[in-house]
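Have a look at work_39.tsv; it's TSV, C-alpha atoms:
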```tsv
chain	number	residue	atom	x	y	z
A	24	MET	CA	93.58	86.63	-19.42
A	25	GLU	CA	92.72	83.00	-20.13
A	26	LEU	CA	92.08	82.37	-16.44
A	27	LEU	CA	89.78	85.41	-16.34
A	28	ARG	CA	87.70	84.04	-19.23
A	29	LEU	CA	87.46	80.68	-17.49
A	30	PHE	CA	86.41	82.41	-14.28
A	31	ILE	CA	83.63	84.27	-16.10
A	32	THR	CA	82.49	81.09	-17.86
A	33	SER	CA	82.43	79.08	-14.65
A	34	VAL	CA	80.92	81.73	-12.41
A	35	ILE	CA	77.95	82.60	-14.69
A	36	PRO	CA	75.91	79.45	-13.88
A	37	VAL	CA	76.73	79.83	-10.18
A	38	ILE	CA	75.51	83.44	-10.21
A	39	LYS	CA	72.33	82.39	-12.03
A	40	VAL	CA	71.58	79.80	-9.35
A	41	LEU	CA	72.26	82.29	-6.56
A	42	LEU	CA	69.96	84.86	-8.20
A	43	VAL	CA	67.11	82.36	-8.49
A	44	LEU	CA	67.69	81.35	-4.86
A	45	ALA	CA	67.40	85.03	-3.91
A	46	VAL	CA	64.15	85.39	-5.88
A	47	GLY	CA	62.71	82.32	-4.16
A	48	SER	CA	63.70	83.70	-0.77
A	49	PHE	CA	62.10	87.05	-1.59
A	50	LEU	CA	58.86	85.39	-2.71
A	51	ALA	CA	58.79	83.42	0.54
A	52	THR	CA	58.99	86.67	2.55
A	53	GLU	CA	56.07	88.04	0.55
A	54	SER	CA	54.00	84.92	1.40
A	55	VAL	CA	53.77	83.89	-2.24
A	56	ASP	CA	52.60	80.28	-2.62
A	57	LEU	CA	55.31	78.72	-4.80
A	58	LEU	CA	54.73	75.67	-6.94
A	59	GLY	CA	54.81	72.72	-4.59
A	60	PRO	CA	57.41	69.95	-4.76
A	61	ASN	CA	54.78	67.43	-5.82
A	62	LEU	CA	54.32	69.27	-9.11
A	63	VAL	CA	58.07	69.11	-9.70
A	64	PHE	CA	58.18	65.45	-8.68
A	65	TYR	CA	55.24	64.24	-10.78
A	66	VAL	CA	55.25	66.63	-13.78
A	67	PHE	CA	58.26	68.88	-14.41
A	68	LEU	CA	61.14	66.54	-13.64
A	69	PRO	CA	59.76	63.43	-15.44
A	70	ALA	CA	59.09	65.56	-18.54
A	71	LEU	CA	62.61	66.99	-18.43
A	72	ILE	CA	64.29	63.60	-17.97
A	73	GLY	CA	62.20	61.74	-20.53
A	74	CYS	CA	62.75	64.33	-23.26
A	75	SER	CA	66.48	64.65	-22.49
A	76	ILE	CA	67.06	60.91	-22.80
A	77	ALA	CA	64.83	60.52	-25.87
A	78	ASN	CA	66.69	63.33	-27.63
A	79	THR	CA	70.18	62.11	-26.64
A	80	ILE	CA	70.09	58.32	-26.59
A	81	THR	CA	70.48	56.41	-29.84
A	82	VAL	CA	72.01	53.04	-30.61
A	83	LYS	CA	75.22	54.79	-31.67
A	84	SER	CA	75.39	57.01	-28.58
A	85	VAL	CA	74.90	54.00	-26.30
A	86	GLU	CA	78.01	52.43	-27.83
A	87	THR	CA	80.13	55.58	-27.41
A	88	LEU	CA	78.74	57.18	-24.22
A	89	TRP	CA	78.05	54.12	-22.08
A	90	PHE	CA	80.79	55.02	-19.59
A	91	MET	CA	79.24	58.41	-18.73
A	92	PRO	CA	76.34	56.99	-16.63
A	93	VAL	CA	78.82	54.54	-15.08
A	94	ASN	CA	81.10	57.45	-14.20
A	95	ILE	CA	78.20	59.31	-12.59
A	96	PHE	CA	77.26	56.32	-10.44
A	97	ILE	CA	80.94	55.89	-9.45
A	98	SER	CA	81.10	59.55	-8.39
A	99	CYS	CA	77.86	59.13	-6.42
A	100	ALA	CA	79.20	55.98	-4.74
A	101	ILE	CA	82.45	57.73	-3.75
A	102	GLY	CA	80.54	60.78	-2.50
A	103	SER	CA	78.12	58.59	-0.53
A	104	LEU	CA	81.02	56.78	1.12
A	105	LEU	CA	82.74	60.05	2.02
A	106	GLY	CA	79.43	61.43	3.31
A	107	TYR	CA	78.89	58.34	5.46
A	108	ILE	CA	82.39	58.76	6.95
A	109	LEU	CA	81.59	62.45	7.63
A	110	VAL	CA	78.36	61.42	9.38
A	111	LYS	CA	80.30	59.10	11.69
A	112	ILE	CA	83.04	61.66	12.42
A	113	THR	CA	80.71	64.60	13.17
A	114	LYS	CA	78.02	62.45	14.88
A	115	THR	CA	75.30	63.91	12.68
A	116	PRO	CA	71.71	63.77	14.04
A	117	PRO	CA	69.77	60.82	12.58
A	118	HIS	CA	67.30	62.93	10.59
A	119	LEU	CA	70.16	64.77	8.80
A	120	LYS	CA	72.22	61.70	7.80
A	121	GLY	CA	70.43	61.39	4.48
A	122	LEU	CA	70.96	65.10	3.80
A	123	VAL	CA	74.72	64.83	4.36
A	124	ILE	CA	75.06	61.76	2.13
A	125	ALA	CA	72.93	63.44	-0.57
A	126	CYS	CA	74.92	66.69	-0.55
A	127	SER	CA	78.18	64.72	-0.68
A	128	SER	CA	77.18	62.55	-3.65
A	129	ALA	CA	74.59	64.08	-6.02
A	130	ALA	CA	75.64	67.00	-8.23
A	131	ASN	CA	73.68	69.61	-10.17
A	132	LEU	CA	74.93	68.17	-13.47
A	133	GLY	CA	72.20	69.12	-15.92
A	134	ASN	CA	71.89	72.81	-15.08
A	135	MET	CA	75.62	73.49	-14.76
A	136	LEU	CA	76.83	71.45	-17.75
A	137	MET	CA	74.17	72.94	-20.04
A	138	ILE	CA	75.68	76.37	-19.34
A	139	ILE	CA	79.40	75.62	-18.99
A	140	LEU	CA	79.95	73.32	-21.99
A	141	PRO	CA	78.32	75.51	-24.69
A	142	ALA	CA	80.12	78.57	-23.28
A	143	LEU	CA	83.50	76.82	-23.53
A	144	CYS	CA	82.70	75.59	-27.05
A	145	GLU	CA	81.82	79.07	-28.31
A	146	GLU	CA	85.14	80.62	-27.29
A	147	THR	CA	87.33	81.79	-30.16
A	148	ASN	CA	90.32	79.68	-29.19
A	149	SER	CA	88.39	76.73	-27.81
A	150	PRO	CA	90.58	73.63	-27.36
A	151	PHE	CA	87.60	71.40	-28.22
A	152	GLY	CA	87.52	72.07	-31.96
A	153	ASP	CA	84.68	73.36	-34.12
A	154	SER	CA	82.12	75.29	-32.08
A	155	SER	CA	78.99	73.81	-33.70
A	156	THR	CA	80.17	70.22	-33.32
A	157	CYS	CA	81.41	70.91	-29.82
A	158	SER	CA	78.09	72.51	-28.78
A	159	ALA	CA	76.08	69.58	-30.17
A	160	TYR	CA	78.19	67.06	-28.27
A	161	GLY	CA	78.13	69.24	-25.16
A	162	GLU	CA	74.32	69.36	-25.18
A	163	ALA	CA	74.18	65.58	-25.54
A	164	TYR	CA	76.63	65.09	-22.66
A	165	ALA	CA	74.66	67.48	-20.43
A	166	SER	CA	71.32	65.80	-21.21
A	167	LEU	CA	72.65	62.32	-20.53
A	168	SER	CA	74.32	63.50	-17.32
A	169	LEU	CA	71.07	65.07	-16.14
A	170	ALA	CA	69.10	61.87	-16.78
A	171	ALA	CA	71.62	59.51	-15.18
A	172	GLN	CA	71.98	61.73	-12.10
A	173	ALA	CA	68.21	62.03	-11.71
A	174	ILE	CA	67.77	58.25	-11.81
A	175	TYR	CA	70.25	57.88	-8.95
A	176	VAL	CA	68.72	60.73	-6.92
A	177	TRP	CA	65.09	59.66	-7.28
A	178	SER	CA	65.66	55.95	-6.71
A	179	ILE	CA	68.61	55.16	-4.41
A	180	LEU	CA	69.13	58.54	-2.76
A	181	TYR	CA	65.40	59.15	-2.30
A	182	SER	CA	65.13	55.86	-0.41
A	183	ILE	CA	68.13	56.73	1.80
A	184	MET	CA	66.78	60.19	2.65
A	185	ARG	CA	63.29	58.88	3.34
A	186	THR	CA	64.69	56.22	5.70
A	187	SER	CA	66.80	58.84	7.47
A	188	ALA	CA	63.84	61.18	7.90
A	189	ASN	CA	61.67	58.37	9.31
A	190	SER	CA	64.24	57.42	11.96
A	191	ILE	CA	62.85	59.91	14.49
A	192	VAL	CA	59.29	58.69	13.92
A	193	LYS	CA	60.37	55.08	14.50
A	194	GLU	CA	62.27	55.99	17.68
A	195	THR	CA	59.23	57.85	19.01
A	196	ALA	CA	56.95	54.92	18.22
A	197	GLU	CA	59.29	52.50	20.01
A	198	ILE	CA	59.37	54.70	23.11
A	199	LEU	CA	55.59	54.94	23.17
A	200	SER	CA	55.19	51.19	22.76
A	201	GLU	CA	57.64	50.48	25.59
A	202	THR	CA	55.87	52.87	27.99
A	203	SER	CA	52.43	51.55	27.16
A	204	ALA	CA	50.96	49.84	30.21
A	205	GLU	CA	48.18	47.85	28.58
A	206	PRO	CA	48.97	45.14	26.06
A	207	LEU	CA	47.10	45.00	22.82
A	208	LEU	CA	44.15	42.59	22.89
A	209	VAL	CA	43.94	39.97	20.19
A	210	SER	CA	40.59	38.47	19.31
A	211	HIS	CA	40.48	34.69	19.32
A	212	SER	CA	36.79	34.32	18.63
A	213	SER	CA	37.21	33.10	15.09
A	214	SER	CA	39.75	30.47	16.08
A	215	GLU	CA	37.58	29.29	19.01
A	216	ASP	CA	34.50	28.99	16.82
A	217	ASN	CA	36.32	26.97	14.18
A	218	ILE	CA	38.59	24.90	16.40
A	219	TYR	CA	36.61	21.73	15.85
A	220	GLN	CA	35.86	22.36	12.21
A	221	VAL	CA	37.76	20.06	9.83
A	222	ASP	CA	37.99	20.85	6.10
A	223	LEU	CA	37.82	17.89	3.76
A	224	PRO	CA	40.64	17.82	1.22
A	225	ASP	CA	39.62	19.23	-2.15
A	226	GLU	CA	42.07	19.28	-5.06
A	227	GLY	CA	40.17	22.07	-6.81
A	228	ASN	CA	40.23	24.26	-3.74
A	229	GLN	CA	43.91	23.44	-3.20
A	230	ARG	CA	44.76	24.46	-6.77
A	231	MET	CA	42.77	27.66	-6.39
A	232	SER	CA	44.53	28.30	-3.11
A	233	THR	CA	47.95	27.93	-4.75
A	234	PHE	CA	46.94	30.23	-7.60
A	235	GLY	CA	45.51	32.71	-5.12
A	236	LYS	CA	48.74	32.72	-3.15
A	237	MET	CA	50.77	33.39	-6.30
A	238	LYS	CA	48.41	36.21	-7.29
A	239	GLN	CA	48.54	37.68	-3.80
A	240	CYS	CA	52.34	37.52	-3.77
A	241	PHE	CA	52.51	39.23	-7.17
A	242	MET	CA	50.12	42.02	-6.14
A	243	THR	CA	51.97	42.52	-2.85
A	244	THR	CA	55.25	42.90	-4.74
A	245	ILE	CA	53.75	45.45	-7.14
A	246	ARG	CA	52.25	47.48	-4.29
A	247	SER	CA	55.31	47.30	-2.05
A	248	LYS	CA	56.83	50.58	-0.88
A	249	SER	CA	60.35	49.55	-1.87
A	250	LEU	CA	59.29	48.98	-5.47
A	251	LYS	CA	57.46	52.32	-5.52
A	252	MET	CA	60.62	54.01	-4.25
A	253	ILE	CA	62.66	52.54	-7.10
A	254	PHE	CA	60.10	53.15	-9.85
A	255	THR	CA	59.48	56.82	-9.15
A	256	PRO	CA	58.01	59.06	-11.89
A	257	ALA	CA	61.54	60.18	-12.82
A	258	THR	CA	62.74	56.57	-13.22
A	259	ILE	CA	59.69	55.61	-15.28
A	260	ALA	CA	60.23	58.69	-17.48
A	261	ALA	CA	63.87	57.66	-17.99
A	262	ILE	CA	62.80	54.16	-19.09
A	263	VAL	CA	60.20	55.56	-21.50
A	264	GLY	CA	62.71	58.09	-22.89
A	265	PHE	CA	65.29	55.34	-23.36
A	266	ILE	CA	62.80	53.21	-25.31
A	267	VAL	CA	61.73	56.15	-27.49
A	268	GLY	CA	65.35	57.05	-28.23
A	269	ILE	CA	66.53	53.51	-28.99
A	270	VAL	CA	63.56	52.23	-31.01
A	271	SER	CA	63.85	53.87	-34.44
A	272	PRO	CA	60.09	53.99	-35.31
A	273	PHE	CA	59.31	55.79	-32.05
A	274	ARG	CA	62.14	58.28	-32.61
A	275	LYS	CA	61.02	59.01	-36.17
A	276	ALA	CA	57.43	59.47	-35.02
A	277	LEU	CA	58.12	61.72	-32.00
A	278	VAL	CA	61.62	63.17	-31.68
A	279	ASP	CA	62.85	64.10	-35.17
A	280	ASP	CA	62.05	67.61	-36.39
A	281	SER	CA	59.99	66.25	-39.29
A	282	ALA	CA	58.19	63.68	-37.09
A	283	PRO	CA	54.39	63.59	-37.48
A	284	PHE	CA	53.86	63.69	-33.70
A	285	HIS	CA	56.74	66.05	-32.90
A	286	VAL	CA	54.27	68.50	-31.37
A	287	ILE	CA	53.70	66.01	-28.51
A	288	TYR	CA	57.43	65.76	-27.82
A	289	SER	CA	57.96	69.54	-28.03
A	290	SER	CA	55.03	70.18	-25.67
A	291	ILE	CA	56.39	67.76	-23.06
A	292	ASP	CA	59.86	69.28	-23.50
A	293	LEU	CA	58.39	72.75	-22.88
A	294	ILE	CA	56.85	71.53	-19.62
A	295	GLY	CA	60.17	69.95	-18.59
A	296	GLU	CA	62.04	73.24	-18.99
A	297	ALA	CA	60.25	74.51	-15.88
A	298	GLY	CA	61.82	71.73	-13.76
A	299	ILE	CA	65.21	73.21	-12.87
A	300	PRO	CA	63.96	76.80	-12.15
A	301	SER	CA	61.14	75.38	-10.00
A	302	MET	CA	63.54	73.25	-7.95
A	303	THR	CA	65.80	76.27	-7.46
A	304	LEU	CA	62.86	78.42	-6.34
A	305	VAL	CA	61.81	75.77	-3.81
A	306	VAL	CA	65.32	75.81	-2.31
A	307	GLY	CA	65.39	79.62	-2.34
A	308	ALA	CA	62.05	79.78	-0.54
A	309	ASN	CA	63.57	77.81	2.33
A	310	LEU	CA	66.78	79.86	2.36
A	311	LEU	CA	65.39	82.58	4.61
A	312	LYS	CA	64.23	79.97	7.12
A	313	GLY	CA	67.71	78.43	7.12
A	314	LEU	CA	69.49	81.75	7.63
A	315	LYS	CA	67.28	82.54	10.64
A	316	GLY	CA	68.39	79.34	12.32
A	317	SER	CA	69.45	75.84	11.30
A	318	ALA	CA	70.94	72.78	12.96
A	319	VAL	CA	73.96	72.56	10.63
A	320	LYS	CA	77.17	72.50	12.65
A	321	THR	CA	80.24	74.32	11.32
A	322	SER	CA	82.24	71.08	11.25
A	323	LEU	CA	79.52	69.40	9.18
A	324	LEU	CA	79.36	72.28	6.72
A	325	LEU	CA	83.15	72.37	6.34
A	326	GLY	CA	83.20	68.62	5.82
A	327	ILE	CA	80.69	68.83	2.96
A	328	LEU	CA	82.65	71.70	1.38
A	329	ILE	CA	85.90	69.71	1.56
A	330	ILE	CA	84.26	66.63	0.05
A	331	ARG	CA	82.64	68.53	-2.82
A	332	ASN	CA	85.47	70.92	-3.66
A	333	ILE	CA	88.61	68.87	-2.93
A	334	LEU	CA	88.15	65.14	-2.35
A	335	LEU	CA	85.63	64.38	-5.10
A	336	PRO	CA	87.46	66.34	-7.86
A	337	VAL	CA	90.73	64.62	-6.97
A	338	SER	CA	89.09	61.19	-6.96
A	339	GLY	CA	87.56	62.01	-10.35
A	340	ILE	CA	91.02	62.40	-11.85
A	341	ALA	CA	91.98	58.92	-10.62
A	342	VAL	CA	88.77	57.33	-11.95
A	343	VAL	CA	88.88	58.94	-15.40
A	344	LYS	CA	92.62	58.32	-15.82
A	345	ALA	CA	92.10	54.66	-14.92
A	346	ALA	CA	89.24	54.42	-17.43
A	347	MET	CA	91.43	55.97	-20.14
A	348	HIS	CA	94.24	53.56	-19.31
A	349	PHE	CA	91.96	50.55	-19.79
A	350	GLY	CA	90.46	51.93	-23.01
A	351	LEU	CA	86.97	52.57	-21.57
A	352	VAL	CA	86.93	56.23	-22.64
A	353	GLY	CA	87.42	57.62	-26.15
A	354	SER	CA	90.06	60.13	-27.15
A	355	TYR	CA	87.73	63.12	-27.65
A	356	SER	CA	88.93	65.79	-25.22
A	357	LEU	CA	85.47	67.29	-24.55
A	358	TYR	CA	84.15	63.88	-23.48
A	359	GLN	CA	87.09	63.39	-21.09
A	360	PHE	CA	86.66	66.94	-19.77
A	361	THR	CA	82.94	66.35	-19.10
A	362	LEU	CA	83.69	63.15	-17.18
A	363	LEU	CA	86.16	65.03	-14.98
A	364	LEU	CA	83.90	68.05	-14.48
A	365	GLN	CA	81.10	65.82	-13.15
A	366	TYR	CA	83.12	65.43	-9.94
A	367	ALA	CA	83.59	69.20	-9.33
A	368	ILE	CA	80.00	70.49	-9.64
A	369	PRO	CA	78.06	71.61	-6.52
A	370	PRO	CA	75.14	69.62	-5.01
A	371	ALA	CA	71.93	68.87	-6.91
A	372	MET	CA	68.87	71.07	-6.58
A	373	ASN	CA	66.39	68.17	-6.56
A	374	ILE	CA	67.65	67.21	-3.10
A	375	GLY	CA	65.69	70.21	-1.85
A	376	THR	CA	62.56	68.95	-3.59
A	377	ILE	CA	62.91	65.57	-1.85
A	378	LEU	CA	63.39	67.23	1.54
A	379	GLN	CA	60.35	69.40	0.93
A	380	MET	CA	58.29	66.29	0.19
A	381	ILE	CA	59.40	64.35	3.27
A	382	GLY	CA	59.12	67.46	5.45
A	383	THR	CA	62.54	67.67	7.12
A	384	GLY	CA	65.92	69.32	6.59
A	385	GLU	CA	64.81	72.03	4.13
A	386	ALA	CA	66.36	74.90	6.09
A	387	GLU	CA	69.62	73.02	6.66
A	388	PHE	CA	69.89	72.12	2.99
A	389	SER	CA	69.37	75.75	1.95
A	390	VAL	CA	72.31	76.85	4.10
A	391	VAL	CA	74.50	74.04	2.75
A	392	MET	CA	73.56	74.95	-0.82
A	393	LEU	CA	74.27	78.65	-0.30
A	394	TRP	CA	77.80	78.07	0.96
A	395	ASN	CA	78.53	75.39	-1.63
A	396	TYR	CA	77.64	77.71	-4.50
A	397	VAL	CA	79.58	80.61	-3.01
A	398	VAL	CA	82.70	78.43	-2.75
A	399	ALA	CA	82.01	76.87	-6.18
A	400	ALA	CA	82.36	80.29	-7.82
A	401	PHE	CA	86.11	80.00	-7.14
A	402	SER	CA	86.79	76.26	-6.91
A	403	LEU	CA	84.91	75.43	-10.12
A	404	THR	CA	87.04	77.95	-12.01
A	405	LEU	CA	90.27	76.39	-10.78
A	406	TRP	CA	89.14	72.83	-11.49
A	407	THR	CA	87.85	73.81	-14.94
A	408	ALA	CA	91.22	75.32	-15.86
A	409	PHE	CA	93.12	72.33	-14.48
A	410	TYR	CA	90.88	69.78	-16.24
A	411	MET	CA	91.23	71.62	-19.57
A	412	TRP	CA	95.01	71.56	-19.20
A	413	LEU	CA	94.85	67.87	-18.30
A	414	VAL	CA	92.87	66.72	-21.35
A	415	THR	CA	94.40	69.05	-23.95
```

Show me this structure written as structure tokens.
Amino acid sequence: MELLRLFITSVIPVIKVLLVLAVGSFLATESVDLLGPNLVFYVFLPALIGCSIANTITVKSVETLWFMPVNIFISCAIGSLLGYILVKITKTPPHLKGLVIACSSAANLGNMLMIILPALCEETNSPFGDSSTCSAYGEAYASLSLAAQAIYVWSILYSIMRTSANSIVKETAEILSETSAEPLLVSHSSSEDNIYQVDLPDEGNQRMSTFGKMKQCFMTTIRSKSLKMIFTPATIAAIVGFIVGIVSPFRKALVDDSAPFHVIYSSIDLIGEAGIPSMTLVVGANLLKGLKGSAVKTSLLLGILIIRNILLPVSGIAVVKAAMHFGLVGSYSLYQFTLLLQYAIPPAMNIGTILQMIGTGEAEFSVVMLWNYVVAAFSLTLWTAFYMWLVT
């Protein structure tokens, strides 16, 4: 009976995701123009992340929950390594390497934890204590997990996937440059006209030149593509949310229920709530295309399923147990359970938004997501039961 309740609790969020995927697929068949990924990237997701961090992060929570973001980045690092090994074993096409690494590392933490943790807390014989206290902590854990995961996805993983998608373009450009018969002509007129011109030394001009070089270097750094990849809208929103949550005057002015400018925070939070359903609809819209035909090999799909449902959850036990042994994790069972569960959750939805933006791999990702969530309906139940037994 207990296992049946756990199955129902674990399978509900999976079914919700599958239903939204089906709706998105149906809308795509009806030629409905869904909200584009740019709107999710620039509006919905930053609003969701900023409000989640501002509501969760305080000076006290930083002291007690600091290991949770570290645990998420460890899980992403392990998943990325396993995904890279899978890429080498299966000889994945260059434009899908980023997709495989992304599906092996990033998890749909926010959406799944926000459903699973409150449901477990509200059970009559919950092992996590009082339901109200448990639900409050569970919401905080889910919000922090969502923010930390999004920072990784939209900074490091976004850069990896973009580089992978551009590999074909670079190879094509190299082939065209090698087959080009005529070399590019370089104009030397300016150098020939000024070859005999000698500039007299001028200290003022030299100082201006040095200052100009420093200014040019600074502006080049700010406008560089690598810096733009790191400081995406989601990352900037996370930084702003962290500042608002940590700095007490900002929190009292915006976040608290009695805050004078709480209407601004609540309005942004309302916009952010559309983020996760929109990302799911984008993936669902590409699902039909993926089912008609995709380049995902069976060995590649099985490899991702093994990584997500067996290897990562097992490695999570080793990481969390080691952290408990060294005193890095508190004794609260719900906190330990959340750290473990972060390794067993299926891939993140915002991977589909990234693929939609860079214009490659959407159909393949939809197929991978479909099978991962079908398998997760059973594997997540088993891991949830085992993790609860482990921490209680």

Counting only C-alpha atoms, what are the residues of range 112-186 of chain A within 12 Å of range 61-65 of chain A, and for each of them which pair of atoms is the nearest and at what distance in Å, to one decimal? Sort the table by chain and rising number, as JSON lines.
```
{"residue": "A:Ala173", "atom": "CA", "partner": "A:Phe64", "partner_atom": "CA", "distance": 11.0}
{"residue": "A:Val176", "atom": "CA", "partner": "A:Phe64", "partner_atom": "CA", "distance": 11.7}
{"residue": "A:Trp177", "atom": "CA", "partner": "A:Phe64", "partner_atom": "CA", "distance": 9.1}
{"residue": "A:Tyr181", "atom": "CA", "partner": "A:Phe64", "partner_atom": "CA", "distance": 11.5}
```

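The shell of residues at most 10 Å from Ala399 in chain A, with all atoms listed in the file counted and near chain neighbours (fewer than 3 positions) removed, consists of Ser33, Val34, Val37, Leu328, Arg331, Asn332, Ala367, Ile368, Pro369, Leu393, Trp394, Asn395, Tyr396, Ser402, Leu403, Thr404, Leu405 and Trp406 of chain A.
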
Between range 350-412 of chain A and range 136-160 of chain A, at 10 Å or less, what are the per-residue closest atom pairs and their distances in Å? Count all atoms listed in the file, order by chain and rising residue number, and return it as a Markdown table.
```
| residue | atom | partner | partner_atom | distance |
| --- | --- | --- | --- | --- |
| A:Tyr355 | CA | A:Phe151 | CA | 8.3 |
| A:Ser356 | CA | A:Phe151 | CA | 6.5 |
| A:Leu357 | CA | A:Phe151 | CA | 5.9 |
| A:Tyr358 | CA | A:Tyr160 | CA | 8.3 |
| A:Phe360 | CA | A:Leu140 | CA | 9.5 |
| A:Thr361 | CA | A:Leu136 | CA | 8.1 |
| A:Leu364 | CA | A:Leu136 | CA | 8.5 |
| A:Gln365 | CA | A:Leu136 | CA | 8.4 |
| A:Ile368 | CA | A:Leu136 | CA | 8.8 |
| A:Thr407 | CA | A:Ile139 | CA | 9.5 |
| A:Met411 | CA | A:Pro150 | CA | 8.1 |
| A:Trp412 | CA | A:Pro150 | CA | 9.5 |
```

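Neighbouring residues of range 109-113 of chain A at 9 Å or closer, counting all atoms listed in the file and skipping chain neighbours under 3 positions away, are Leu104, Leu105, Gly106, Pro116, Leu119, Lys120, Val123, Ile124, Lys320, Ser322, Leu323, Gly326 and Ile327 of chain A.
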
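Here CA of Thr255 in chain A stands at a distance of 6.7 Å from CA of Ser178 in chain A.
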
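Of the residues listed (A:Phe273, A:Ala261, A:Val319, A:Leu293), A:Val319 shows the shortest atom-to-atom separation from Lys114 in chain A; distances use all atoms listed in the file.
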
3 Å per side around range 170-183 of chain A: axis-aligned box centre and edge lengths, as AutoDock Vina command-line options:
```
--center_x 68.5 --center_y 58.6 --center_z -7.5 --size_x 12.9 --size_y 12.9 --size_z 24.6
```

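The space between CA of Leu167 in chain A and CA of Ser75 in chain A spans 6.9 Å.
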
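With distances restricted to only C-alpha atoms, A:Thr258 is the closest residue to Ile174 in chain A from A:Gln379, A:Asn189, A:Thr415, A:Thr258.
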
Would you mind telling me which residue in A:Ser354, A:Ser187, A:Phe401, A:Leu88 lies nearest to Leu122 in chain A when using only C-alpha atoms? A:Ser187

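What separates CA of Val267 in chain A from CA of Ala77 in chain A is a distance of 5.6 Å.
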
Given the point (90.5, 56.6, -21.0) in the file's coordinates, find the residues that have an atom at most 10 Å from it, counting all atoms listed in the file, and give them as JSON, numbers by chain. {"A": [90, 342, 343, 344, 345, 346, 347, 348, 349, 350, 351, 352, 353, 354, 355, 358, 359]}

Closest of A:Val397, A:Leu378, A:Leu335, A:Ala297 to Phe67 in chain A, counting all atoms listed in the file, is A:Ala297

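Distances to Ser128 in chain A were evaluated for A:Thr186, A:Asn94, A:Thr321, A:Pro370 using only C-alpha atoms, and the minimum falls at A:Pro370.
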
Counting all atoms listed in the file, which residue out of A:Ala163, A:Ala170, A:Ile333, A:Ile269 sits closest to Thr81 in chain A? A:Ile269

Regenerate range 380-390 of chain A at the level of N, CA, C and O atoms and dump it as a CSV table (one decimal), in the frame of the given file.
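Contents of rebuild_18.csv, freshly written:
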```csv
chain,number,residue,atom,x,y,z
A,380,MET,N,59.3,67.3,0.2
A,380,MET,CA,58.3,66.3,0.2
A,380,MET,C,58.2,65.5,1.5
A,380,MET,O,57.1,65.2,2.0
A,381,ILE,N,59.4,65.2,2.0
A,381,ILE,CA,59.4,64.4,3.3
A,381,ILE,C,59.3,65.2,4.5
A,381,ILE,O,59.1,64.7,5.6
A,382,GLY,N,59.4,66.5,4.4
A,382,GLY,CA,59.1,67.5,5.4
A,382,GLY,C,60.2,67.6,6.5
A,382,GLY,O,59.9,67.8,7.7
A,383,THR,N,61.5,67.5,6.1
A,383,THR,CA,62.5,67.7,7.1
A,383,THR,C,63.8,68.1,6.4
A,383,THR,O,64.1,67.7,5.3
A,384,GLY,N,64.6,68.9,7.1
A,384,GLY,CA,65.9,69.3,6.6
A,384,GLY,C,65.9,70.4,5.5
A,384,GLY,O,67.0,70.7,5.0
A,385,GLU,N,64.8,71.0,5.2
A,385,GLU,CA,64.8,72.0,4.1
A,385,GLU,C,65.7,73.2,4.5
A,385,GLU,O,66.5,73.7,3.6
A,386,ALA,N,65.6,73.7,5.7
A,386,ALA,CA,66.4,74.9,6.1
A,386,ALA,C,67.8,74.6,6.1
A,386,ALA,O,68.7,75.4,5.6
A,387,GLU,N,68.2,73.4,6.6
A,387,GLU,CA,69.6,73.0,6.7
A,387,GLU,C,70.2,72.9,5.3
A,387,GLU,O,71.3,73.3,5.0
A,388,PHE,N,69.4,72.3,4.4
A,388,PHE,CA,69.9,72.1,3.0
A,388,PHE,C,70.1,73.5,2.3
A,388,PHE,O,71.0,73.6,1.5
A,389,SER,N,69.2,74.4,2.6
A,389,SER,CA,69.4,75.8,2.0
A,389,SER,C,70.7,76.4,2.4
A,389,SER,O,71.4,77.0,1.5
A,390,VAL,N,71.0,76.3,3.6
A,390,VAL,CA,72.3,76.8,4.1
A,390,VAL,C,73.5,76.1,3.5
A,390,VAL,O,74.5,76.8,3.0
```
